[in-house]
file protein.cif (mmCIF, C-alpha atoms (C1' of nucleotides))
data_target
loop_
_atom_site.label_atom_id
_atom_site.label_comp_id
_atom_site.auth_asym_id
_atom_site.auth_seq_id
_atom_site.Cartn_x
_atom_site.Cartn_y
_atom_site.Cartn_z
CA MET J 129 -2.76 11.08 3.82
CA HIS J 130 0.21 8.79 3.71
CA ILE J 131 3.68 10.27 3.34
CA ASP J 132 6.39 7.67 3.25
CA ARG J 133 9.08 9.33 5.29
CA ALA J 134 11.14 6.19 5.64
CA ALA J 135 11.98 6.28 1.95
CA THR J 136 13.78 9.56 2.26
CA ALA J 137 16.62 8.17 4.34
CA GLY J 138 19.97 9.25 2.98
CA HIS J 139 18.65 11.95 0.70
CA SER J 140 19.72 15.52 0.56
CA PHE J 141 17.28 17.81 2.29
CA LYS J 142 18.44 20.89 0.51
CA SER J 143 15.82 20.68 -2.22
CA GLY J 144 12.79 21.17 0.01
CA PRO J 145 13.54 24.54 1.62
CA GLN J 146 15.24 25.69 -1.57
CA ALA J 147 11.88 25.99 -3.30
CA LYS J 148 10.87 29.25 -1.66
CA PHE J 149 13.99 31.01 -2.93
CA THR J 150 13.50 30.20 -6.59
CA VAL J 151 10.51 32.31 -7.41
CA ALA J 152 11.82 33.55 -10.75
CA LYS J 153 12.37 31.00 -13.49
CA PRO J 154 15.97 30.17 -14.34
CA PRO J 155 17.14 31.70 -17.63
CA HIS J 156 17.89 28.30 -19.14
CA PRO J 157 14.89 26.11 -18.29
CA ASN J 158 16.15 22.77 -17.09
CA THR J 159 15.74 20.89 -20.39
CA PRO J 160 11.97 20.60 -20.16
CA LEU J 161 10.00 17.77 -21.66
CA THR J 162 8.62 19.90 -24.47
CA GLU J 163 11.93 19.92 -26.27
CA HIS J 164 11.64 16.27 -27.10
CA LEU J 165 9.93 15.11 -30.24
CA ALA J 166 8.71 12.00 -28.44
CA TYR J 167 6.96 14.13 -25.86
CA LEU J 168 5.35 16.46 -28.38
CA LEU J 169 4.06 13.47 -30.29
CA ALA J 170 2.65 11.93 -27.14
CA GLN J 171 0.98 15.17 -26.16
CA ALA J 172 -0.54 15.83 -29.57
CA ASN J 173 -1.67 12.26 -29.90
CA ARG J 174 -3.27 12.35 -26.50
CA GLU J 175 -5.15 15.53 -27.21
CA ILE J 176 -6.42 14.57 -30.65
CA ASN J 177 -7.30 11.10 -29.48
CA ARG J 178 -9.24 12.50 -26.57
CA GLN J 179 -11.30 14.63 -28.91
CA LEU J 180 -11.98 11.78 -31.27
CA GLU J 181 -12.84 9.50 -28.38
CA SER J 182 -15.32 12.00 -27.07
CA ARG J 183 -17.02 12.23 -30.45
CA LEU J 184 -17.21 8.49 -30.90
CA SER J 185 -18.54 8.04 -27.40
CA THR J 186 -21.91 9.06 -28.83
CA GLU J 187 -22.00 5.53 -30.17
CA GLY J 188 -20.24 4.06 -27.17
CA VAL J 189 -17.37 2.78 -29.28
CA PRO J 190 -13.65 3.04 -28.56
CA VAL J 191 -11.40 4.49 -31.23
CA GLU J 192 -9.77 1.13 -31.91
CA GLN J 193 -13.08 -0.45 -32.82
CA TRP J 194 -13.73 2.27 -35.31
CA ARG J 195 -10.36 1.57 -36.87
CA ILE J 196 -11.12 -2.12 -37.07
CA LEU J 197 -14.47 -1.49 -38.71
CA LYS J 198 -12.85 0.90 -41.14
CA VAL J 199 -10.24 -1.61 -42.21
CA LEU J 200 -12.85 -4.32 -42.64
CA SER J 201 -15.11 -1.97 -44.58
CA ASP J 202 -13.55 -3.09 -47.84
CA GLY J 203 -15.64 -6.22 -47.42
CA GLU J 204 -12.65 -8.50 -47.74
CA GLY J 205 -11.35 -10.87 -45.12
CA HIS J 206 -8.42 -9.68 -43.04
CA SER J 207 -6.33 -11.95 -40.89
CA MET J 208 -5.85 -11.15 -37.24
CA GLY J 209 -2.20 -10.47 -37.79
CA ASP J 210 -2.80 -7.98 -40.56
CA LEU J 211 -5.56 -6.33 -38.58
CA ALA J 212 -3.39 -6.03 -35.50
CA GLU J 213 -0.72 -4.29 -37.52
CA ALA J 214 -3.20 -1.98 -39.20
CA VAL J 215 -4.99 -0.84 -36.07
CA LEU J 216 -1.87 -0.60 -33.91
CA LEU J 217 -2.81 -3.26 -31.38
CA ASN J 218 -0.87 -6.33 -30.43
CA HIS J 219 -2.32 -9.76 -30.96
CA PRO J 220 -3.79 -10.67 -27.59
CA THR J 221 -5.39 -7.28 -27.18
CA LEU J 222 -6.93 -7.50 -30.62
CA THR J 223 -8.22 -11.01 -29.99
CA LYS J 224 -10.09 -9.85 -26.91
CA MET J 225 -11.43 -6.73 -28.56
CA ILE J 226 -12.66 -8.80 -31.48
CA ASP J 227 -14.36 -11.12 -29.01
CA ARG J 228 -16.37 -8.17 -27.76
CA MET J 229 -17.18 -7.01 -31.27
CA VAL J 230 -18.34 -10.49 -32.22
CA SER J 231 -20.62 -10.46 -29.19
CA ASP J 232 -22.02 -7.19 -30.47
CA SER J 233 -22.49 -8.72 -33.93
CA LEU J 234 -20.31 -6.07 -35.54
CA VAL J 235 -17.85 -8.51 -37.11
CA TYR J 236 -17.50 -12.23 -37.55
CA ARG J 237 -14.75 -14.80 -37.94
CA ARG J 238 -14.11 -17.28 -40.70
CA GLN J 239 -11.34 -19.75 -41.02
CA ASP J 240 -9.08 -19.10 -43.98
CA ALA J 241 -9.58 -22.01 -46.38
CA ASN J 242 -6.10 -21.63 -47.84
CA ASP J 243 -4.22 -21.47 -44.57
CA ARG J 244 -6.15 -22.92 -41.73
CA ARG J 245 -3.94 -21.36 -39.11
CA LYS J 246 -5.40 -18.05 -40.08
CA VAL J 247 -8.66 -16.49 -39.05
CA LEU J 248 -10.24 -14.03 -41.43
CA MET J 249 -12.35 -11.23 -40.04
CA PHE J 250 -15.35 -9.79 -41.84
CA ILE J 251 -17.60 -6.88 -41.12
CA SER J 252 -21.32 -7.51 -40.65
CA ASP J 253 -24.16 -5.39 -41.97
CA ARG J 254 -24.65 -4.04 -38.49
CA GLY J 255 -20.95 -3.22 -38.41
CA LYS J 256 -21.18 -1.42 -41.72
CA ALA J 257 -24.05 0.70 -40.54
CA LEU J 258 -22.22 1.60 -37.36
CA CYS J 259 -19.05 2.36 -39.29
CA LYS J 260 -20.91 4.79 -41.50
CA ARG J 261 -22.15 6.70 -38.47
CA LEU J 262 -18.69 6.67 -36.91
CA ASN J 263 -17.12 7.93 -40.12
CA SER J 264 -19.25 11.01 -40.08
CA LEU J 265 -18.48 11.66 -36.42
CA ALA J 266 -14.78 11.39 -37.21
CA ALA J 267 -15.16 13.55 -40.28
CA SER J 268 -16.68 16.28 -38.18
CA GLN J 269 -13.65 16.17 -35.93
CA GLU J 270 -11.29 16.47 -38.87
CA ALA J 271 -13.32 19.40 -40.09
CA TYR J 272 -13.04 20.99 -36.70
CA ILE J 273 -9.28 20.57 -36.68
CA LEU J 274 -8.96 21.95 -40.20
CA ALA J 275 -10.97 24.97 -39.21
CA ASN J 276 -8.95 25.67 -36.08
CA TYR J 277 -5.55 24.72 -37.29
CA GLY J 278 -5.66 25.51 -40.95
CA ASP J 279 -5.69 23.56 -44.16
CA LYS J 280 -2.11 24.14 -45.00
CA ALA J 281 -0.64 23.30 -41.62
CA THR J 282 -2.70 20.14 -41.44
CA GLY J 283 -1.53 18.96 -44.84
CA GLU J 284 2.06 19.75 -44.03
CA LEU J 285 1.84 18.00 -40.68
CA LYS J 286 0.41 14.88 -42.28
CA ARG J 287 3.18 14.84 -44.81
CA LEU J 288 5.88 15.19 -42.18
CA LEU J 289 4.32 12.49 -40.04
CA GLU J 290 4.20 10.09 -42.97
CA ASN J 291 7.86 10.73 -43.65
CA LEU J 292 8.75 10.24 -40.03
CA ILE J 293 6.90 6.95 -39.91
CA ASP J 294 8.73 5.79 -43.00
CA ALA J 295 12.07 6.90 -41.64
CA ALA J 296 11.51 5.37 -38.24
CA SER J 297 10.25 1.93 -39.16
CA MET V 134 -9.37 -22.83 -32.70
CA HIS V 135 -12.72 -21.36 -31.86
CA ILE V 136 -14.76 -19.74 -34.60
CA ASP V 137 -18.01 -18.32 -33.39
CA ARG V 138 -20.32 -19.18 -36.24
CA ALA V 139 -23.47 -18.32 -34.33
CA ALA V 140 -22.58 -14.64 -34.46
CA THR V 141 -22.84 -14.57 -38.23
CA ALA V 142 -26.61 -15.17 -38.31
CA GLY V 143 -28.37 -12.67 -40.49
CA HIS V 144 -25.28 -11.34 -42.19
CA SER V 145 -24.74 -10.94 -45.88
CA PHE V 146 -22.48 -13.59 -47.28
CA LYS V 147 -21.59 -11.62 -50.35
CA SER V 148 -18.41 -10.18 -48.88
CA GLY V 149 -16.54 -13.46 -48.58
CA PRO V 150 -16.62 -14.74 -52.17
CA GLN V 151 -16.32 -11.20 -53.48
CA ALA V 152 -12.72 -11.08 -52.37
CA LYS V 153 -11.38 -13.15 -55.24
CA PHE V 154 -12.71 -10.68 -57.78
CA THR V 155 -11.00 -7.62 -56.35
CA VAL V 156 -7.40 -8.40 -57.11
CA ALA V 157 -6.54 -4.93 -58.37
CA LYS V 158 -6.84 -2.09 -55.95
CA PRO V 159 -9.85 0.17 -56.47
CA PRO V 160 -8.94 3.57 -57.93
CA HIS V 161 -10.29 5.38 -54.87
CA PRO V 162 -9.00 3.40 -51.87
CA ASN V 163 -11.78 2.87 -49.41
CA THR V 164 -10.90 5.84 -47.15
CA PRO V 165 -8.01 4.08 -45.42
CA LEU V 166 -6.89 4.88 -41.93
CA THR V 167 -3.77 6.66 -43.09
CA GLU V 168 -5.76 9.65 -44.29
CA HIS V 169 -6.65 10.61 -40.76
CA LEU V 170 -4.43 12.89 -38.75
CA ALA V 171 -5.42 11.06 -35.59
CA TYR V 172 -4.16 7.81 -37.03
CA LEU V 173 -0.89 9.23 -38.30
CA LEU V 174 -0.25 10.73 -34.90
CA ALA V 175 -0.98 7.44 -33.18
CA GLN V 176 1.29 5.58 -35.54
CA ALA V 177 4.18 8.02 -35.26
CA ASN V 178 3.81 8.20 -31.50
CA ARG V 179 3.80 4.45 -31.23
CA GLU V 180 6.90 4.05 -33.32
CA ILE V 181 8.95 6.76 -31.64
CA ASN V 182 7.80 5.68 -28.23
CA ARG V 183 8.80 2.10 -28.96
CA GLN V 184 12.29 3.21 -29.88
CA LEU V 185 12.65 5.36 -26.81
CA GLU V 186 11.28 2.60 -24.62
CA SER V 187 13.78 0.17 -26.01
CA ARG V 188 16.65 2.55 -25.26
CA LEU V 189 15.49 3.23 -21.74
CA SER V 190 14.99 -0.47 -21.09
CA THR V 191 18.75 -0.60 -20.56
CA GLU V 192 17.95 0.91 -17.18
CA GLY V 193 14.69 -0.97 -16.80
CA VAL V 194 12.69 2.23 -16.60
CA PRO V 195 9.44 3.05 -18.41
CA VAL V 196 9.25 6.25 -20.40
CA GLU V 197 6.84 7.84 -17.93
CA GLN V 198 9.31 7.48 -15.09
CA TRP V 199 11.95 9.23 -17.10
CA ARG V 200 9.52 12.08 -17.69
CA ILE V 201 8.75 12.28 -13.99
CA LEU V 202 12.42 12.38 -13.08
CA LYS V 203 13.03 15.01 -15.72
CA VAL V 204 10.32 17.27 -14.37
CA LEU V 205 11.56 16.86 -10.82
CA SER V 206 15.15 17.50 -11.90
CA ASP V 207 14.76 21.20 -11.22
CA GLY V 208 15.05 20.27 -7.56
CA GLU V 209 11.81 21.99 -6.64
CA GLY V 210 8.74 20.34 -5.23
CA HIS V 211 5.96 19.53 -7.67
CA SER V 212 2.44 18.64 -6.64
CA MET V 213 0.89 15.44 -7.86
CA GLY V 214 -1.60 17.38 -9.93
CA ASP V 215 1.04 19.41 -11.72
CA LEU V 216 3.14 16.32 -12.27
CA ALA V 217 0.21 14.38 -13.67
CA GLU V 218 -0.46 17.12 -16.16
CA ALA V 219 3.18 17.43 -17.13
CA VAL V 220 3.82 13.75 -17.71
CA LEU V 221 0.48 13.01 -19.34
CA LEU V 222 -0.82 10.59 -16.75
CA ASN V 223 -4.04 10.78 -14.81
CA HIS V 224 -4.00 11.03 -11.06
CA PRO V 225 -4.52 7.46 -9.91
CA THR V 226 -2.02 6.12 -12.40
CA LEU V 227 0.55 8.64 -11.29
CA THR V 228 -0.06 7.88 -7.62
CA LYS V 229 0.70 4.23 -8.18
CA MET V 230 3.69 4.88 -10.38
CA ILE V 231 5.08 7.23 -7.74
CA ASP V 232 4.53 4.52 -5.14
CA ARG V 233 6.85 2.29 -7.15
CA MET V 234 9.41 5.03 -7.57
CA VAL V 235 9.36 5.74 -3.86
CA SER V 236 10.01 2.06 -3.24
CA ASP V 237 12.98 2.34 -5.56
CA SER V 238 14.16 5.44 -3.67
CA LEU V 239 14.10 7.57 -6.81
CA VAL V 240 11.75 10.21 -5.44
CA TYR V 241 10.14 11.12 -2.17
CA ARG V 242 7.02 12.83 -0.88
CA ARG V 243 6.61 15.85 1.35
CA GLN V 244 3.47 17.51 2.51
CA ASP V 245 3.09 21.06 1.25
CA ALA V 246 3.33 23.31 4.28
CA ASN V 247 1.26 26.02 2.62
CA ASP V 248 -1.58 23.81 1.45
CA ARG V 249 -1.79 20.61 3.34
CA ARG V 250 -4.03 18.97 0.79
CA LYS V 251 -1.08 18.90 -1.51
CA VAL V 252 1.79 16.48 -1.70
CA LEU V 253 5.05 17.75 -3.12
CA MET V 254 7.33 15.36 -4.94
CA PHE V 255 11.09 15.65 -4.89
CA ILE V 256 13.82 13.80 -6.70
CA SER V 257 16.42 11.94 -4.66
CA ASP V 258 20.14 11.78 -5.34
CA ARG V 259 19.67 8.30 -6.66
CA GLY V 260 16.92 9.63 -8.92
CA LYS V 261 19.19 12.40 -10.18
CA ALA V 262 21.91 9.96 -11.06
CA LEU V 263 19.46 7.72 -12.90
CA CYS V 264 17.95 10.68 -14.71
CA LYS V 265 21.35 11.71 -15.98
CA ARG V 266 21.90 8.28 -17.48
CA LEU V 267 18.41 8.26 -18.98
CA ASN V 268 18.93 11.70 -20.48
CA SER V 269 21.88 10.51 -22.45
CA LEU V 270 20.03 7.45 -23.66
CA ALA V 271 17.20 9.67 -24.83
CA ALA V 272 19.62 12.10 -26.39
CA SER V 273 21.11 9.32 -28.44
CA GLN V 274 17.65 8.51 -29.76
CA GLU V 275 17.03 12.11 -30.73
CA ALA V 276 20.36 12.14 -32.48
CA TYR V 277 19.38 9.01 -34.34
CA ILE V 278 16.12 10.55 -35.48
CA LEU V 279 17.83 13.74 -36.55
CA ALA V 280 20.30 11.75 -38.58
CA ASN V 281 17.65 9.64 -40.31
CA TYR V 282 14.96 12.22 -40.71
CA GLY V 283 16.83 15.44 -41.08
CA ASP V 284 17.40 18.52 -39.01
CA LYS V 285 15.02 20.67 -40.91
CA ALA V 286 12.12 18.26 -41.02
CA THR V 287 12.47 17.57 -37.31
CA GLY V 288 12.40 21.23 -36.43
CA GLU V 289 9.46 21.87 -38.67
CA LEU V 290 7.57 18.91 -37.27
CA LYS V 291 8.16 20.08 -33.72
CA ARG V 292 6.88 23.50 -34.59
CA LEU V 293 3.74 22.15 -36.21
CA LEU V 294 3.06 19.83 -33.29
CA GLU V 295 3.38 22.67 -30.82
CA ASN V 296 0.91 24.70 -32.81
CA LEU V 297 -1.48 21.79 -33.03
CA ILE V 298 -1.33 21.25 -29.30
CA ASP V 299 -2.05 24.92 -28.72
CA ALA V 300 -4.91 24.91 -31.19
CA ALA V 301 -6.43 21.75 -29.85
CA SER V 302 -6.41 22.39 -26.14
"C1'" DT Q 132 -17.49 32.56 12.03
"C1'" DC Q 133 -19.76 28.60 10.04
"C1'" DG Q 134 -20.75 25.40 6.75
"C1'" DA Q 135 -21.21 23.90 2.13
"C1'" DA Q 136 -18.70 23.36 -2.04
"C1'" DA Q 137 -14.34 22.93 -4.37
"C1'" DA Q 138 -9.68 21.17 -4.62
"C1'" DT Q 139 -6.24 17.60 -3.87
"C1'" DG Q 140 -4.70 12.86 -3.36
"C1'" DT Q 141 -5.41 8.11 -2.44
"C1'" DT Q 142 -7.81 3.66 -2.50
"C1'" DG Q 143 -10.28 -0.59 -4.10
"C1'" DA Q 144 -12.97 -2.82 -7.54
"C1'" DA Q 145 -13.68 -3.40 -12.28
"C1'" DT Q 146 -11.65 -3.43 -16.41
"C1'" DG Q 147 -8.08 -3.75 -19.87
"C1'" DT Q 148 -3.41 -4.96 -21.48
"C1'" DT Q 149 0.70 -7.69 -21.72
"C1'" DC Q 150 3.67 -11.65 -21.26
"C1'" DA Q 151 4.56 -16.35 -21.63
"C1'" DA Q 152 2.89 -20.59 -22.84
"C1'" DG Q 153 -0.03 -23.51 -25.59
"C1'" DA Q 154 -2.73 -25.46 -29.64
"C1'" DA Q 155 -3.22 -25.97 -34.46
"C1'" DT Q 156 -1.36 -25.75 -38.98
"C1'" DT Q 157 2.06 -25.17 -42.46
"C1'" DG Q 158 6.60 -25.45 -44.66
"C1'" DG Q 159 10.89 -27.33 -45.76
"C1'" DG Q 160 14.89 -30.02 -45.21
"C1'" DA Q 161 16.84 -34.77 -44.04
"C1'" DT E 160 7.83 -39.14 -46.46
"C1'" DC E 161 8.54 -37.53 -41.86
"C1'" DC E 162 9.70 -34.56 -38.42
"C1'" DC E 163 11.07 -30.29 -36.50
"C1'" DA E 164 10.93 -25.45 -36.72
"C1'" DA E 165 8.23 -21.46 -37.89
"C1'" DT E 166 3.71 -19.19 -38.24
"C1'" DT E 167 -0.79 -17.88 -36.60
"C1'" DC E 168 -4.00 -17.22 -33.18
"C1'" DT E 169 -5.83 -17.87 -28.48
"C1'" DT E 170 -5.67 -18.39 -23.45
"C1'" DG E 171 -4.71 -17.58 -18.49
"C1'" DA E 172 -2.10 -15.30 -15.10
"C1'" DA E 173 0.36 -11.24 -13.86
"C1'" DC E 174 0.30 -6.62 -14.21
"C1'" DA E 175 -1.32 -1.82 -15.05
"C1'" DT E 176 -4.95 1.55 -15.73
"C1'" DT E 177 -9.34 3.62 -14.93
"C1'" DC E 178 -13.61 4.82 -12.59
"C1'" DA E 179 -16.08 5.98 -8.63
"C1'" DA E 180 -16.05 6.77 -3.96
"C1'" DC E 181 -13.66 8.50 -0.11
"C1'" DA E 182 -10.75 11.44 3.24
"C1'" DT E 183 -8.60 15.65 4.05
"C1'" DT E 184 -7.92 20.45 3.60
"C1'" DT E 185 -9.00 24.91 1.82
"C1'" DT E 186 -12.02 28.52 0.07
"C1'" DC E 187 -15.65 31.51 0.07
"C1'" DG E 188 -20.21 33.18 0.67
"C1'" DA E 189 -23.94 33.91 4.12
#
call {"tool": "encode", "arguments": {"input": "protein.cif", "output": "structure tokens"}}
result
Amino acid sequence: MHIDRAATAGHSFKSGPQAKFTVAKPPHPNTPLTEHLAYLLAQANREINRQLESRLSTEGVPVEQWRILKVLSDGEGHSMGDLAEAVLLNHPTLTKMIDRMVSDSLVYRRQDANDRRKVLMFISDRGKALCKRLNSLAASQEAYILANYGDKATGELKRLLENLIDAAS
Amino acid sequence: MHIDRAATAGHSFKSGPQAKFTVAKPPHPNTPLTEHLAYLLAQANREINRQLESRLSTEGVPVEQWRILKVLSDGEGHSMGDLAEAVLLNHPTLTKMIDRMVSDSLVYRRQDANDRRKVLMFISDRGKALCKRLNSLAASQEAYILANYGDKATGELKRLLENLIDAAS
DNA sequence: TCGAAAATGTTGAATGTTCAAGAATTGGGA
DNA sequence: TCCCAATTCTTGAACATTCAACATTTTCGA
């Protein structure tokens, strides 16, 4: 094990030994992370995303690919830019993920005839079939949440999140 | 520009031309992403995190490092495992982030005398000073949110998120 | 007491993401 | 019309994260 003692030069050494004297928690917890909205959001997102990920792993598909398929499910062409915005990925990341999905024959590219800078993405039949299976996996997760967390709370939370997103962007 | 036409073999071509006939939105939108709690959480988290990140960038510090400093601010030693859990990072990622922070003399390592498998992390004086500055940057973001989004909604949202986290984990 | 299994951290390779730059196309003003 | 700036997407290099394997220490049952 590698402890970098050199880096401690010039630091107070009081903190180390102090630990053994602070068995009881201080009355006013030192402004813990959980007071911050940003942290609660990160934590909740992480947990819910984990669960969803584990469901979708049945099909070996990352959450983002499900989102992409879902957006393309309307059968219309979506530009890379619009897609990136919709699925919360930035452009280069999306490009490379789409490359993989094209290799898997889940989606395909077409040049936009009206604006040839643009690339329009379409879902394939294979992609549609996969998306259908993924949708039901995701639906079962939502059902699980609703059961554990309650209909009302879920609805209220969604509403508040939508408002926050509107207010923040 | 590289359009992989080979990948489209065997796909229905109906979707493309169809687009021009669906100008008006269908009455029942094709189950868009925004109906899913997981998506709303991801979106809100992304937005809030972006804002926080941009504030903290004044000090050139990623959000995770602020969280680490905040946890260590109690002056006690925290094991890598506990830290990882608290700041929502997995072990290897934390190890490498801590390596950077040690290089920057923000924190330092000590071996736990009681359990020598463990490494205890401590904050340095330099780290404390930085953390103080970061706290006020973060506080100004929270104030901004409260102003735009409302006291009541923020409190309610926090409460619901806490419950969700409890229910989900 | 001994030894196997569990717990704790770190490492290196594989993988993924991001940043900056580039290519192609469009748009709009001189 | 022509050219330069803006838009859209992709690429390659730098960077960060993750997975699996490892080393060390502790725990606990035989």
call {"tool": "resolve_selection", "arguments": {"input": "protein.cif", "expression": "the PyMOL selection byres ((chain J) within 12 of (chain Q))", "output": "list in words"}}
result
Met129, His130, Ile131, Leu217, Asn218, His219, Pro220, Thr221, Leu222, Thr223, Lys224, Met225, Gln239, Asp240, Ala241, Asn242, Asp243, Arg244, Arg245, Lys246 and Val247 of chain J
call {"tool": "resolve_selection", "arguments": {"input": "protein.cif", "expression": "the PyMOL selection byres ((chain E) within 12 of (chain V))", "output": "ChimeraX atom specification"}}
result
/E:167-170,175-179,182-186
call {"tool": "atom_distance", "arguments": {"input": "protein.cif", "atom1": "atom CA of V:Ile256", "atom2": "atom CA of V:Tyr241"}}
result
6.4 Å
call {"tool": "atom_distance", "arguments": {"input": "protein.cif", "atom1": "atom CA of J:Ile273", "atom2": "atom CA of V:Tyr172"}}
result
13.8 Å
call {"tool": "atom_distance", "arguments": {"input": "protein.cif", "atom1": "atom CA of J:Asp279", "atom2": "atom CA of J:Lys260"}}
result
24.3 Å
call {"tool": "closest_residue", "arguments": {"input": "protein.cif", "among": "V:Leu293, V:Leu185, V:Ala219, V:Ile231", "to": "V:Ala271", "atoms": "only C-alpha atoms"}}
result
V:Leu185
call {"tool": "closest_residue", "arguments": {"input": "protein.cif", "among": "J:Ser252, J:Gln193, J:Ser185, J:Gln269", "to": "chain V", "atoms": "all atoms listed in the file"}}
result
J:Ser252
call {"tool": "closest_residue", "arguments": {"input": "protein.cif", "among": "J:Lys280, J:His164, J:Arg261, J:Lys256", "to": "chain V", "atoms": "all atoms listed in the file"}}
result
J:His164
call {"tool": "resolve_selection", "arguments": {"input": "protein.cif", "expression": "the PyMOL selection byres ((chain V and resi 174) around 12)", "output": "PyMOL selection string"}}
result
(chain J and resi 166+168-177+216+282+285-293) or (chain V and resi 166-173+175-182+290+294+297-298)
call {"tool": "residues_around", "arguments": {"input": "protein.cif", "residues": "J:Gly205", "least_positions_apart": "5", "cutoff": "6 Å", "atoms": "all atoms listed in the file", "output": "list in words"}}
result
Leu248, Met249 and Phe250 of chain J
call {"tool": "closest_residue", "arguments": {"input": "protein.cif", "among": "V:Ser212, V:Thr191, V:Ser273, V:Ser302", "to": "chain J", "atoms": "only C-alpha atoms"}}
result
V:Ser302
call {"tool": "residues_around", "arguments": {"input": "protein.cif", "residues": "V:Ala262", "least_positions_apart": "5", "cutoff": "12 Å", "atoms": "all atoms listed in the file", "output": "count of residues only"}}
result
13
call {"tool": "closest_residue", "arguments": {"input": "protein.cif", "among": "J:Asp294, J:Glu204, J:Glu192, J:Glu181", "to": "chain V", "atoms": "only C-alpha atoms"}}
result
J:Glu204
call {"tool": "build_atoms", "arguments": {"input": "protein.cif", "residues": "stretch 244-249 of chain V", "atoms": "all heavy atoms", "output": "PDB file, keeping the file's coordinate frame"}}
result
ATOM      1  N   GLN V 244       4.724  16.778   2.478  1.00  0.00           N
ATOM      2  CA  GLN V 244       3.470  17.510   2.510  1.00  0.00           C
ATOM      3  C   GLN V 244       3.781  18.982   2.278  1.00  0.00           C
ATOM      4  O   GLN V 244       4.773  19.499   2.800  1.00  0.00           O
ATOM      5  CB  GLN V 244       2.809  17.315   3.875  1.00  0.00           C
ATOM      6  CG  GLN V 244       1.300  17.424   3.805  1.00  0.00           C
ATOM      7  CD  GLN V 244       0.663  16.995   5.107  1.00  0.00           C
ATOM      8  OE1 GLN V 244       1.156  17.352   6.188  1.00  0.00           O
ATOM      9  NE2 GLN V 244      -0.413  16.238   5.018  1.00  0.00           N
ATOM     10  N   ASP V 245       2.934  19.627   1.481  1.00  0.00           N
ATOM     11  CA  ASP V 245       3.090  21.060   1.250  1.00  0.00           C
ATOM     12  C   ASP V 245       2.691  21.812   2.513  1.00  0.00           C
ATOM     13  O   ASP V 245       1.566  21.660   2.996  1.00  0.00           O
ATOM     14  CB  ASP V 245       2.217  21.479   0.063  1.00  0.00           C
ATOM     15  CG  ASP V 245       2.470  22.935  -0.335  1.00  0.00           C
ATOM     16  OD1 ASP V 245       2.918  23.719   0.520  1.00  0.00           O
ATOM     17  OD2 ASP V 245       2.207  23.282  -1.500  1.00  0.00           O
ATOM     18  N   ALA V 246       3.612  22.612   3.035  1.00  0.00           N
ATOM     19  CA  ALA V 246       3.330  23.310   4.280  1.00  0.00           C
ATOM     20  C   ALA V 246       2.271  24.388   4.084  1.00  0.00           C
ATOM     21  O   ALA V 246       1.519  24.712   4.992  1.00  0.00           O
ATOM     22  CB  ALA V 246       4.618  23.930   4.831  1.00  0.00           C
ATOM     23  N   ASN V 247       2.195  24.926   2.872  1.00  0.00           N
ATOM     24  CA  ASN V 247       1.260  26.020   2.620  1.00  0.00           C
ATOM     25  C   ASN V 247      -0.156  25.536   2.326  1.00  0.00           C
ATOM     26  O   ASN V 247      -1.122  26.246   2.589  1.00  0.00           O
ATOM     27  CB  ASN V 247       1.752  26.860   1.428  1.00  0.00           C
ATOM     28  CG  ASN V 247       3.077  27.510   1.728  1.00  0.00           C
ATOM     29  OD1 ASN V 247       4.098  27.169   1.133  1.00  0.00           O
ATOM     30  ND2 ASN V 247       3.071  28.420   2.699  1.00  0.00           N
ATOM     31  N   ASP V 248      -0.259  24.377   1.764  1.00  0.00           N
ATOM     32  CA  ASP V 248      -1.580  23.810   1.450  1.00  0.00           C
ATOM     33  C   ASP V 248      -1.510  22.323   1.744  1.00  0.00           C
ATOM     34  O   ASP V 248      -1.001  21.549   0.947  1.00  0.00           O
ATOM     35  CB  ASP V 248      -1.908  24.076  -0.027  1.00  0.00           C
ATOM     36  CG  ASP V 248      -3.305  23.584  -0.371  1.00  0.00           C
ATOM     37  OD1 ASP V 248      -3.854  22.751   0.383  1.00  0.00           O
ATOM     38  OD2 ASP V 248      -3.848  24.037  -1.394  1.00  0.00           O
ATOM     39  N   ARG V 249      -2.039  21.971   2.885  1.00  0.00           N
ATOM     40  CA  ARG V 249      -1.790  20.610   3.340  1.00  0.00           C
ATOM     41  C   ARG V 249      -2.625  19.548   2.644  1.00  0.00           C
ATOM     42  O   ARG V 249      -2.539  18.364   2.971  1.00  0.00           O
ATOM     43  CB  ARG V 249      -1.934  20.534   4.858  1.00  0.00           C
ATOM     44  CG  ARG V 249      -0.632  21.013   5.509  1.00  0.00           C
ATOM     45  CD  ARG V 249      -0.714  21.436   6.930  1.00  0.00           C
ATOM     46  NE  ARG V 249      -1.619  20.681   7.756  1.00  0.00           N
ATOM     47  CZ  ARG V 249      -2.423  21.233   8.667  1.00  0.00           C
ATOM     48  NH1 ARG V 249      -2.427  22.544   8.823  1.00  0.00           N
ATOM     49  NH2 ARG V 249      -3.198  20.480   9.402  1.00  0.00           N
TER      50      ARG V 249
END
